[in-house]
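Data block below; observations after.
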Amino acid sequence: MDLKYKRILNYITYTFFVMFFAGKLHAQKVEIGKTFKGKASYYHKKFSGRKTASGERLNNSGFTCAHKYFPFGTMIEVENPVTKKWVVVRVNDRGPFSKSRVLDLSYEAAKMLGMISKGIMSINAKVVGKDGEILLYREGSTEDNFQQIFSKDSLQVVVPYLPETSASKKKN
């Protein structure tokens with residue numbers, strides 16, 4: 001009887017772990033083009049330099065964010081629905097740990113969206129890439145948009161060919 005009970009317990013434990021990890025693998029899929037809305041907050045400057053869940057140090061002057069389950073390296077376009085200002089951020093941390101929020105943004109990304117004085121703001125977001133590579137981009141985007149955003153990021157971000165702007169044409 002004792003051996004039978006032990007086998008049943010092992011089977012239940014094994015089944016639980018398989019179901020748990022299978023659920024985690026499913027949650028790690030990145031669906032390019034997926035849109036979502038919600039509230040976002042940002043990291044205070046005092047968190048700059050601390051390690052994120054990915055092992056990378058938080059660079060508050062970069063364009064990164066925390067998301068509960070998107071894989072590290074997922075690229076998300078975040079828009080302020082009122083002003084229509086937008087940025088693209090890269091997931092490098094886990095969070096936010098508040099049920100009412102969907103993203104924690106770096107200080108610089110929050111500043112570009114105009115949310116510093118508000119603290120928490122409603123946002124529209126879209127998954128635009130993975131593994132640090134932007135696969136979708138907003139109509140009218142130019143090289144200069146992305147140069148401005150990612151020049152301060154700690155990791156290299158790959159941007160597809162974009163139309164040149166008049167400013168970049170003058171440089172050549």
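In the structure tokens, chains take the letters A, B, ... in the order shown, each chain's residues start at 1, and ligands count up from 1 in the order shown.
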
If you count only C-alpha atoms, which residues fall within 10 Å of Arg57 (chain A), apart from same-chain ones fewer than 5 positions away, as a PyMOL selection string? chain A and resi 47-52+92-93+154

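Contact shell of region 40-43 of chain A at 7 Å (only C-alpha atoms; same-chain neighbours under 3 positions omitted): A:Phe47, A:Arg101, A:Val102, A:Leu103, A:Asp104, A:Leu105, A:Ser106, A:Tyr107, A:Ala110, A:Gly119, A:Ile120, A:Met121, A:Ser122, A:Ile123.
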
Which residue gives the smallest distance to Asn80 (chain A) among A:Gly38, A:Gly95, A:Gly62, A:Gly55, with only C-alpha atoms counted?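 Nearest to Asn80 (chain A): A:Gly38.
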
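Assigned to helix (DSSP H, G or I) in region 86-150 of chain A, given DSSP computed from backbone atoms, are Tyr107, Glu108, Ala109, Ala110, Lys111, Met112, Leu113, Glu143, Asp144, Asn145, Phe146, Gln147, Gln148, Ile149 and Phe150 of chain A.
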
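For the residues A:Phe70, A:Ser100, A:Met112, A:Gly132, ranking by smallest atom-to-atom distance to Lys29 (chain A) using only C-alpha atoms places A:Phe70 first.
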
Calculate how many Å separate CA of Asn60 (chain A) from CA of Phe36 (chain A), rounding to one decimal.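 CA of Phe36 (chain A) lies at a distance of 23.6 Å from CA of Asn60 (chain A).
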
Contacts of Val87 (chain A) at 7 Å or less, counting only C-alpha atoms, minus same-chain residues fewer than 6 places along, as number ranges by chain? A: 77-79, 109

Sel. of strand (DSSP E) residues, region 18-136 of chain A, as a ChimeraX atom specification: /A:35-42,64-66,75-79,86-93,101-105,121-130,133-134

My list of candidates is A:Leu9, A:Val30, A:Val89, A:Met75. Which is closest to Ser61 (chain A) when distances are computed with only C-alpha atoms?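 Checking each candidate against Ser61 (chain A), we get A:Val89 as the closest.
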
Computed interatomic separation between CA of Asp131 (chain A) and CA of Ile32 (chain A) (Å):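 Going from CA of Asp131 (chain A) over to CA of Ile32 (chain A) covers 11.7 Å.
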
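The smallest atom-to-atom distance between Pro96 (chain A) and any of A:Leu3, A:Thr15, A:Val82, A:Lys68, using only C-alpha atoms, is found for A:Lys68.
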
Please, what distance in Å, to one decimal, runs between CA of Glu56 (chain A) and CA of Leu136 (chain A)?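 Separating CA of Glu56 (chain A) from CA of Leu136 (chain A) is a distance of 24.9 Å.
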
Give the answer as one residue: which of A:Met115, A:Ile76, A:Leu58, A:Ile8 has the shortest atom-to-atom distance to Leu135 (chain A), using only C-alpha atoms? A:Ile76
